[in-house]
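Novice: This is target.txt, which holds compact mmCIF, C-alpha atoms:
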# COMPACT_ATOMS: atom_id res chain seq x y z
CA MET A 1 24.53 -7.83 -2.42
CA LEU A 2 21.51 -5.91 -1.07
CA LYS A 3 21.07 -6.62 2.65
CA ILE A 4 17.43 -6.49 3.75
CA GLY A 5 15.80 -6.21 7.15
CA LEU A 6 12.25 -7.59 7.06
CA CYS A 7 9.66 -6.41 9.58
CA GLY A 8 6.73 -8.78 9.86
CA CYS A 9 8.94 -11.64 8.69
CA ASN A 10 6.84 -14.36 10.35
CA GLY A 11 3.52 -13.07 9.00
CA ARG A 12 1.85 -14.19 5.77
CA MET A 13 3.44 -11.54 3.59
CA GLY A 14 6.78 -11.86 5.34
CA LYS A 15 6.96 -15.55 4.46
CA VAL A 16 6.18 -14.86 0.80
CA ILE A 17 8.87 -12.13 0.63
CA THR A 18 11.35 -14.50 2.30
CA ASP A 19 10.71 -17.12 -0.40
CA ILE A 20 11.12 -14.58 -3.23
CA VAL A 21 14.36 -13.10 -1.89
CA ALA A 22 15.81 -16.59 -1.31
CA LYS A 23 15.66 -17.18 -5.08
CA LYS A 24 17.59 -14.01 -5.93
CA GLU A 25 21.36 -13.84 -6.17
CA ASN A 26 21.74 -10.09 -5.64
CA MET A 27 19.92 -9.69 -2.33
CA LYS A 28 19.62 -11.36 1.06
CA ILE A 29 17.51 -10.98 4.19
CA VAL A 30 19.98 -10.48 7.04
CA ALA A 31 17.48 -9.94 9.87
CA GLY A 32 13.82 -10.29 10.65
CA PHE A 33 11.79 -8.15 13.04
CA ASP A 34 8.63 -9.64 14.51
CA ALA A 35 6.74 -9.84 17.79
CA TYR A 36 6.79 -13.62 17.24
CA THR A 37 10.52 -14.30 17.34
CA ALA A 38 10.62 -17.93 16.21
CA LYS A 39 13.37 -18.53 13.63
CA LEU A 40 11.51 -19.84 10.58
CA ALA A 41 14.16 -19.05 7.94
CA ASP A 42 17.95 -18.74 7.69
CA TYR A 43 18.15 -15.32 9.37
CA PRO A 44 17.84 -14.21 13.01
CA VAL A 45 14.58 -12.65 14.26
CA TYR A 46 14.36 -9.81 16.77
CA ALA A 47 11.40 -8.33 18.61
CA ASP A 48 13.05 -4.89 18.55
CA PRO A 49 15.05 -3.65 15.53
CA GLN A 50 17.54 -2.02 17.92
CA GLU A 51 18.66 -5.50 18.99
CA PHE A 52 20.15 -6.06 15.53
CA SER A 53 23.75 -4.84 15.30
CA GLY A 54 24.63 -6.01 11.79
CA ALA A 55 24.66 -4.11 8.49
CA CYS A 56 21.41 -3.48 6.64
CA ASP A 57 20.90 -1.61 3.36
CA VAL A 58 17.10 -1.30 3.41
CA VAL A 59 14.15 -2.30 5.61
CA ILE A 60 10.88 -3.70 4.27
CA ASP A 61 7.90 -3.26 6.60
CA PHE A 62 4.97 -5.58 5.99
CA SER A 63 3.67 -5.80 9.56
CA ASN A 64 1.17 -3.48 11.25
CA PRO A 65 1.07 0.23 12.15
CA ALA A 66 2.18 -0.45 15.73
CA SER A 67 5.68 -1.24 14.46
CA LEU A 68 6.23 2.10 12.75
CA ASP A 69 7.73 4.16 15.57
CA ALA A 70 10.45 1.61 16.40
CA LEU A 71 11.27 1.14 12.71
CA LEU A 72 11.60 4.84 11.99
CA THR A 73 13.79 5.27 15.09
CA TYR A 74 16.07 2.47 13.90
CA CYS A 75 16.20 3.63 10.27
CA LYS A 76 16.94 7.26 11.15
CA ALA A 77 19.66 6.25 13.60
CA HIS A 78 21.37 4.04 10.99
CA LYS A 79 20.49 6.15 7.91
CA THR A 80 18.70 3.13 6.44
CA PRO A 81 16.04 3.52 3.71
CA ILE A 82 12.65 2.00 4.53
CA VAL A 83 9.91 0.53 2.32
CA ILE A 84 6.57 0.83 4.13
CA CYS A 85 3.98 -1.58 2.74
CA THR A 86 1.73 -1.63 5.81
CA THR A 87 -1.58 0.26 5.66
CA GLY A 88 -3.95 1.69 8.28
CA HIS A 89 -1.60 4.34 9.72
CA SER A 90 -2.92 7.30 11.66
CA LYS A 91 -2.49 10.90 10.54
CA GLU A 92 0.22 11.32 13.16
CA GLN A 93 2.09 8.31 11.79
CA LEU A 94 1.83 9.62 8.23
CA ASP A 95 3.27 12.91 9.48
CA ALA A 96 6.10 10.97 11.14
CA MET A 97 6.91 9.28 7.81
CA ARG A 98 7.08 12.63 6.04
CA ALA A 99 9.30 14.02 8.79
CA ALA A 100 11.61 11.01 8.53
CA SER A 101 11.85 11.50 4.76
CA ALA A 102 13.86 14.65 5.43
CA GLU A 103 16.62 12.39 6.80
CA ILE A 104 16.31 9.09 4.91
CA PRO A 105 14.63 7.69 1.76
CA VAL A 106 11.10 6.60 2.68
CA PHE A 107 8.98 4.57 0.29
CA ARG A 108 5.25 4.28 0.98
CA SER A 109 2.42 2.78 -1.03
CA GLY A 110 -1.07 1.65 -0.06
CA ASN A 111 -0.69 -1.19 -2.56
CA MET A 112 2.52 -2.77 -3.83
CA SER A 113 1.02 -4.23 -7.02
CA ILE A 114 2.32 -2.70 -10.25
CA GLY A 115 -1.11 -3.43 -11.79
CA ILE A 116 -2.88 -1.30 -9.18
CA ASN A 117 -0.48 1.56 -9.75
CA LEU A 118 -1.04 1.43 -13.51
CA MET A 119 -4.77 1.38 -12.76
CA MET A 120 -4.35 4.66 -10.91
CA ASP A 121 -3.00 6.27 -14.08
CA LEU A 122 -6.07 5.06 -15.99
CA LEU A 123 -8.36 6.46 -13.30
CA ARG A 124 -6.75 9.89 -13.52
CA LYS A 125 -7.38 9.88 -17.26
CA CYS A 126 -11.00 8.82 -16.74
CA GLY A 127 -11.56 11.52 -14.14
CA ALA A 128 -10.14 14.19 -16.42
CA VAL A 129 -12.13 13.10 -19.50
CA LEU A 130 -15.45 12.17 -17.87
CA GLY A 131 -15.51 15.11 -15.46
CA ASP A 132 -18.71 15.64 -13.50
CA GLY A 133 -20.89 13.79 -16.02
CA TYR A 134 -20.36 10.44 -14.29
CA ASP A 135 -20.93 9.19 -10.74
CA VAL A 136 -17.95 7.41 -9.20
CA GLU A 137 -18.33 4.36 -6.95
CA ILE A 138 -15.55 2.14 -5.54
CA THR A 139 -16.03 -1.40 -4.22
CA GLU A 140 -13.27 -3.34 -2.50
CA LYS A 141 -13.19 -6.94 -1.27
CA HIS A 142 -10.72 -8.54 1.15
CA HIS A 143 -10.34 -11.56 3.45
CA ASN A 144 -12.07 -11.66 6.81
CA GLN A 145 -8.85 -11.04 8.74
CA LYS A 146 -8.18 -7.56 7.32
CA LEU A 147 -8.24 -4.88 10.00
CA ASP A 148 -8.72 -1.59 8.14
CA ALA A 149 -11.74 -0.56 6.07
CA PRO A 150 -11.84 0.90 3.54
CA SER A 151 -8.54 -0.50 2.35
CA GLY A 152 -5.56 1.74 1.81
CA THR A 153 -5.76 0.79 -1.85
CA ALA A 154 -9.37 1.92 -2.16
CA ILE A 155 -8.40 5.31 -0.74
CA MET A 156 -5.46 5.49 -3.17
CA LEU A 157 -7.81 4.82 -6.08
CA ALA A 158 -10.29 7.43 -4.86
CA ASP A 159 -7.48 9.96 -4.50
CA ALA A 160 -6.30 9.21 -8.05
CA VAL A 161 -9.76 9.92 -9.46
CA ASN A 162 -10.25 12.97 -7.25
CA GLU A 163 -6.98 14.53 -8.44
CA ALA A 164 -8.39 14.77 -11.96
CA LEU A 165 -12.02 15.69 -11.27
CA PRO A 166 -13.16 19.29 -11.78
CA TYR A 167 -14.52 19.31 -8.21
CA ASP A 168 -13.32 18.26 -4.77
CA ALA A 169 -15.24 15.04 -4.13
CA GLU A 170 -16.69 14.02 -0.78
CA TYR A 171 -15.80 10.45 0.20
CA VAL A 172 -18.91 8.62 1.44
CA TYR A 173 -18.46 5.28 3.20
CA ASN A 174 -21.67 3.28 2.69
CA ARG A 175 -25.06 4.97 2.86
CA HIS A 176 -27.08 3.18 5.52
CA ASP A 177 -27.54 6.36 7.55
CA ARG A 178 -28.51 8.61 4.61
CA ARG A 179 -32.09 8.74 3.32
CA GLU A 180 -31.65 11.01 0.32
CA LYS A 181 -30.80 10.99 -3.35
CA ARG A 182 -27.16 10.58 -4.22
CA PRO A 183 -25.44 14.00 -4.18
CA LYS A 184 -23.63 14.85 -7.38
CA HIS A 185 -20.09 15.40 -6.19
CA GLU A 186 -19.14 12.40 -4.11
CA ILE A 187 -17.16 9.17 -4.42
CA GLY A 188 -18.96 6.23 -2.84
CA MET A 189 -16.79 3.58 -1.16
CA HIS A 190 -18.01 0.11 -0.19
CA CYS A 191 -16.22 -2.70 1.67
CA ILE A 192 -16.73 -6.46 1.62
CA ARG A 193 -14.92 -8.79 4.02
CA GLY A 194 -15.07 -12.57 3.70
CA GLY A 195 -13.22 -15.83 3.34
CA THR A 196 -9.73 -15.72 1.91
CA ILE A 197 -10.17 -13.01 -0.75
CA VAL A 198 -6.68 -11.64 -1.44
CA GLY A 199 -7.86 -8.33 -2.85
CA GLU A 200 -10.34 -7.04 -5.43
CA HIS A 201 -10.92 -3.40 -6.35
CA GLU A 202 -13.43 -2.04 -8.83
CA VAL A 203 -14.07 1.56 -9.81
CA LEU A 204 -17.36 2.32 -11.55
CA PHE A 205 -18.01 5.44 -13.61
CA ALA A 206 -21.79 5.57 -14.05
CA GLY A 207 -23.10 8.03 -16.63
CA ARG A 208 -26.30 8.47 -18.57
CA ASP A 209 -26.93 5.17 -20.37
CA GLU A 210 -23.26 4.18 -20.01
CA LEU A 211 -21.11 2.36 -17.45
CA ILE A 212 -17.31 2.19 -17.39
CA GLU A 213 -15.75 -0.30 -14.97
CA ILE A 214 -12.05 -0.66 -14.19
CA ARG A 215 -11.21 -3.69 -12.05
CA HIS A 216 -8.13 -5.27 -10.52
CA VAL A 217 -8.04 -8.74 -8.94
CA ALA A 218 -5.06 -10.08 -7.01
CA LEU A 219 -5.02 -13.88 -7.23
CA SER A 220 -2.22 -14.35 -4.70
CA ARG A 221 -0.18 -12.33 -2.23
CA GLU A 222 2.87 -12.81 -4.39
CA VAL A 223 2.01 -9.77 -6.55
CA PHE A 224 2.39 -7.55 -3.47
CA ALA A 225 5.56 -9.29 -2.34
CA VAL A 226 7.19 -8.90 -5.76
CA GLY A 227 6.36 -5.19 -5.69
CA ALA A 228 7.88 -4.84 -2.21
CA VAL A 229 11.10 -6.54 -3.30
CA ASP A 230 11.28 -4.37 -6.44
CA ALA A 231 10.78 -1.28 -4.27
CA ALA A 232 13.56 -2.41 -1.88
CA ALA A 233 15.95 -2.91 -4.80
CA TYR A 234 15.09 0.57 -6.08
CA LEU A 235 15.25 2.33 -2.71
CA GLY A 236 18.50 0.61 -1.77
CA SER A 237 20.17 2.48 -4.62
CA GLN A 238 18.84 5.90 -3.58
CA THR A 239 21.18 8.25 -1.76
CA GLN A 240 18.87 11.24 -1.38
CA PRO A 241 16.30 11.51 1.44
CA GLY A 242 12.70 12.00 0.36
CA MET A 243 9.31 10.36 -0.13
CA TYR A 244 9.14 7.72 -2.86
CA ASP A 245 6.29 5.58 -4.20
CA MET A 246 5.56 2.95 -6.84
CA SER A 247 5.47 5.53 -9.63
CA ASP A 248 9.22 5.97 -9.08
CA VAL A 249 9.79 2.21 -9.38
CA ILE A 250 7.68 2.01 -12.55
CA ALA A 251 9.56 4.96 -14.07
CA ALA A 252 12.89 3.30 -13.25
CA LYS A 253 11.78 0.14 -15.06
Would it be possible to restate this file's structure as structure tokens?
Specialist:
Amino acid sequence: MLKIGLCGCNGRMGKVITDIVAKKENMKIVAGFDAYTAKLADYPVYADPQEFSGACDVVIDFSNPASLDALLTYCKAHKTPIVICTTGHSKEQLDAMRAASAEIPVFRSGNMSIGINLMMDLLRKCGAVLGDGYDVEITEKHHNQKLDAPSGTAIMLADAVNEALPYDAEYVYNRHDRREKRPKHEIGMHCIRGGTIVGEHEVLFAGRDELIEIRHVALSREVFAVGAVDAAAYLGSQTQPGMYDMSDVIAAK
């Protein structure tokens, strides 16, 4: 039985993960961590992970960047693997994750959807084949409550393309302050926030007389929750410290 600690348990994603895990026979949420400590499910909720004294095999973090320091402190002290699904971390926090990965297994992904991660593979192939003959533009859409822009997923997609391009692309976020023709070697990134959009990402390769569009649409938050639970099941079986991501989960499948 995989014992899970869930940070952000009373948030939107936390509730979806709780429902998914409740239907599985081989795992159980044994503790929740949340600033809002109301008990909404059949496990106790703590404001501080250090208040929990029970056994935990893996922690899933679907909260906000402010929770990271306390979670890493807890996980390192108890040698507990952690699945970090939250986005919007600072450079210092990303460095802290990498440092922690020398002691414990750390899983991080800007998007927990398997579809998005397969899309990244397609984008690498497109970047390698199309080279500098096509302009690359990324558009992402999310609900009006999302804090970070561009999304962590949009940056992941841009990085995937950039890895395969024959040049080091400049990331340009909107163009309202630039009165000039589009430079050749850049990746344009554009953000839309409105309503209850779960998540839409589109990458456009625009060439001479030809457009190639690769698009992913999430119709519910469940796709991200399923990915987080799959990642927890995978990471809970890892004994070696290190940085892991969704490519490891896909390979294991």
Novice: One number please: CA of Leu72 (chain A) to CA of Cys85 (chain A), in Å, one decimal.
Specialist: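 So the answer is 13.6 Å.
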Novice: Under the rule that only C-alpha atoms are counted, which of A:Ala55, A:Leu71, A:Ile214, A:Ile60 is the nearest residue to Leu123 (chain A)?
Specialist: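 Looking at the shortest contact to Leu123 (chain A), the residue is A:Ile214.
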Novice: With 9 Å as the threshold, what does the neighbourhood of (-1.5, 10.4, -11.6) contain in terms of residues, counting only C-alpha atoms? Coordinates are those of the file; answer as an mmCIF file with C-alpha atoms, in the frame of the given file.
Specialist:
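Produced file result_31.cif, reproduced below:
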data_model
loop_
_atom_site.group_PDB
_atom_site.id
_atom_site.type_symbol
_atom_site.label_atom_id
_atom_site.label_comp_id
_atom_site.auth_asym_id
_atom_site.auth_seq_id
_atom_site.Cartn_x
_atom_site.Cartn_y
_atom_site.Cartn_z
ATOM 1 C CA MET A 120 -4.350 4.660 -10.910
ATOM 2 C CA ASP A 121 -3.000 6.270 -14.080
ATOM 3 C CA LEU A 122 -6.070 5.060 -15.990
ATOM 4 C CA LEU A 123 -8.360 6.460 -13.300
ATOM 5 C CA ARG A 124 -6.750 9.890 -13.520
ATOM 6 C CA LYS A 125 -7.380 9.880 -17.260
ATOM 7 C CA ALA A 160 -6.300 9.210 -8.050
ATOM 8 C CA VAL A 161 -9.760 9.920 -9.460
ATOM 9 C CA GLU A 163 -6.980 14.530 -8.440
ATOM 10 C CA ALA A 164 -8.390 14.770 -11.960
ATOM 11 C CA SER A 247 5.470 5.530 -9.630
#
Novice: For Ala252 (chain A), find every residue with an atom within 12 Å (counting all atoms listed in the file), except residues of its own chain fewer than 6 positions away, and show them as an NGL selection string.
Specialist: :A and (230-231 or 233-235 or 237-238 or 244-246)
Novice: How would you write as a PDB file with C-alpha atoms, keeping the file's coordinate frame the residues that get within 12 Å of (-14.9, 9.9, -14.5) in the file's frame, counting all atoms listed in the file?
Specialist:
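Result file part32.pdb:
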ATOM      1  CA  LEU A 122      -6.070   5.060 -15.990  1.00  0.00           C
ATOM      2  CA  LEU A 123      -8.360   6.460 -13.300  1.00  0.00           C
ATOM      3  CA  ARG A 124      -6.750   9.890 -13.520  1.00  0.00           C
ATOM      4  CA  LYS A 125      -7.380   9.880 -17.260  1.00  0.00           C
ATOM      5  CA  CYS A 126     -11.000   8.820 -16.740  1.00  0.00           C
ATOM      6  CA  GLY A 127     -11.560  11.520 -14.140  1.00  0.00           C
ATOM      7  CA  ALA A 128     -10.140  14.190 -16.420  1.00  0.00           C
ATOM      8  CA  VAL A 129     -12.130  13.100 -19.500  1.00  0.00           C
ATOM      9  CA  LEU A 130     -15.450  12.170 -17.870  1.00  0.00           C
ATOM     10  CA  GLY A 131     -15.510  15.110 -15.460  1.00  0.00           C
ATOM     11  CA  ASP A 132     -18.710  15.640 -13.500  1.00  0.00           C
ATOM     12  CA  GLY A 133     -20.890  13.790 -16.020  1.00  0.00           C
ATOM     13  CA  TYR A 134     -20.360  10.440 -14.290  1.00  0.00           C
ATOM     14  CA  ASP A 135     -20.930   9.190 -10.740  1.00  0.00           C
ATOM     15  CA  VAL A 136     -17.950   7.410  -9.200  1.00  0.00           C
ATOM     16  CA  GLU A 137     -18.330   4.360  -6.950  1.00  0.00           C
ATOM     17  CA  ILE A 138     -15.550   2.140  -5.540  1.00  0.00           C
ATOM     18  CA  ALA A 158     -10.290   7.430  -4.860  1.00  0.00           C
ATOM     19  CA  ALA A 160      -6.300   9.210  -8.050  1.00  0.00           C
ATOM     20  CA  VAL A 161      -9.760   9.920  -9.460  1.00  0.00           C
ATOM     21  CA  ASN A 162     -10.250  12.970  -7.250  1.00  0.00           C
ATOM     22  CA  GLU A 163      -6.980  14.530  -8.440  1.00  0.00           C
ATOM     23  CA  ALA A 164      -8.390  14.770 -11.960  1.00  0.00           C
ATOM     24  CA  LEU A 165     -12.020  15.690 -11.270  1.00  0.00           C
ATOM     25  CA  PRO A 166     -13.160  19.290 -11.780  1.00  0.00           C
ATOM     26  CA  TYR A 167     -14.520  19.310  -8.210  1.00  0.00           C
ATOM     27  CA  ALA A 169     -15.240  15.040  -4.130  1.00  0.00           C
ATOM     28  CA  HIS A 185     -20.090  15.400  -6.190  1.00  0.00           C
ATOM     29  CA  GLU A 186     -19.140  12.400  -4.110  1.00  0.00           C
ATOM     30  CA  ILE A 187     -17.160   9.170  -4.420  1.00  0.00           C
ATOM     31  CA  VAL A 203     -14.070   1.560  -9.810  1.00  0.00           C
ATOM     32  CA  LEU A 204     -17.360   2.320 -11.550  1.00  0.00           C
ATOM     33  CA  PHE A 205     -18.010   5.440 -13.610  1.00  0.00           C
ATOM     34  CA  ALA A 206     -21.790   5.570 -14.050  1.00  0.00           C
ATOM     35  CA  GLY A 207     -23.100   8.030 -16.630  1.00  0.00           C
ATOM     36  CA  GLU A 210     -23.260   4.180 -20.010  1.00  0.00           C
ATOM     37  CA  LEU A 211     -21.110   2.360 -17.450  1.00  0.00           C
ATOM     38  CA  ILE A 212     -17.310   2.190 -17.390  1.00  0.00           C
ATOM     39  CA  GLU A 213     -15.750  -0.300 -14.970  1.00  0.00           C
ATOM     40  CA  ILE A 214     -12.050  -0.660 -14.190  1.00  0.00           C
TER      41      ILE A 214
END
Novice: To one decimal place, how far is CA of Glu103 (chain A) from CA of Lys76 (chain A) in Å?
Specialist: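 Result for CA of Glu103 (chain A) versus CA of Lys76 (chain A): 6.7 Å, one decimal.
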Novice: Using Å and a single decimal, report how far CA of Gly242 (chain A) sits from CA of Val106 (chain A).
Specialist: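 Between these atoms lies a distance of 6.1 Å.
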Novice: Using only C-alpha atoms, determine which residues lie at most 9 Å from Phe224 (chain A), disregarding the query and same-chain residues fewer than 4 positions distant; provide the list as a list in words.
Specialist: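 Listed by chain and then number, they are Met13, Ile17, Cys85, Asn111, Met112, Ser113, Ile114, Ala218, Ser220, Ala228 and Val229 of chain A.
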Novice: Using all atoms listed in the file, which of A:Lys91, A:Val172, A:Phe62, A:Tyr74 sits nearest Val16 (chain A)?
Specialist: A:Phe62
Novice: Assuming 4 Å of padding per side, give the centre and edge lengths of the axis-aligned box around every listed atom of region 64-69 of chain A, in Å to one decimal and as AutoDock Vina command-line options.
Specialist:
--center_x 4.4 --center_y 0.3 --center_z 13.5 --size_x 14.7 --size_y 15.6 --size_z 12.5
Novice: So, counting only C-alpha atoms, which residue among A:His78, A:Lys181, A:Ile155, A:Glu222 is closest to Gly14 (chain A)?
Specialist: A:Glu222
Novice: Just the residues within 10 Å of Ser63 (chain A), please, counting all atoms listed in the file, with nothing from its chain fewer than 3 positions along; format it as a list in words.
Specialist: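 Those residues are Leu6, Cys7, Gly8, Cys9, Asn10, Gly11, Arg12, Met13, Gly14, Phe33, Asp34, Ala35, Ile60, Ala66, Ser67, Leu68, Ile84, Cys85, Thr86 and Thr87 of chain A.
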Novice: I need the residue nearest Thr18 (chain A) from this list: A:Asp159, A:Asp42, A:Asp48, A:Glu202. Use all atoms listed in the file for the distance.
Specialist: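 Of the candidates, the smallest distance to Thr18 (chain A) is held by A:Asp42.
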Novice: Between A:Gly32, A:Gly115, A:Pro105, A:Gly88, which is the closest to Pro65 (chain A) once you count only C-alpha atoms?
Specialist: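 Looking at the shortest contact to Pro65 (chain A), the residue is A:Gly88.
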Novice: Excluding Asp148 (chain A) and its own-chain neighbours fewer than 3 positions away, which residues fall within 12 Å of it when counting all atoms listed in the file? Please give them as a list in words.
Specialist: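 Result of the neighbour search: Asn64, Pro65, Thr86, Thr87, Gly88, His89, Ser90, Gly110, Glu140, Lys141, His142, His143, Asn144, Gln145, Ser151, Gly152, Thr153, Ala154, Ile155, Cys191, Ile192 and Arg193 of chain A.
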Novice: In terms of the shortest atom-to-atom distance over all atoms listed in the file, which of A:Val226, A:Ala232, A:Ala47, A:Val217 is closest to Thr80 (chain A)?
Specialist: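 Of A:Val226, A:Ala232, A:Ala47, A:Val217, the one nearest Thr80 (chain A), counting all atoms listed in the file, is A:Ala232.
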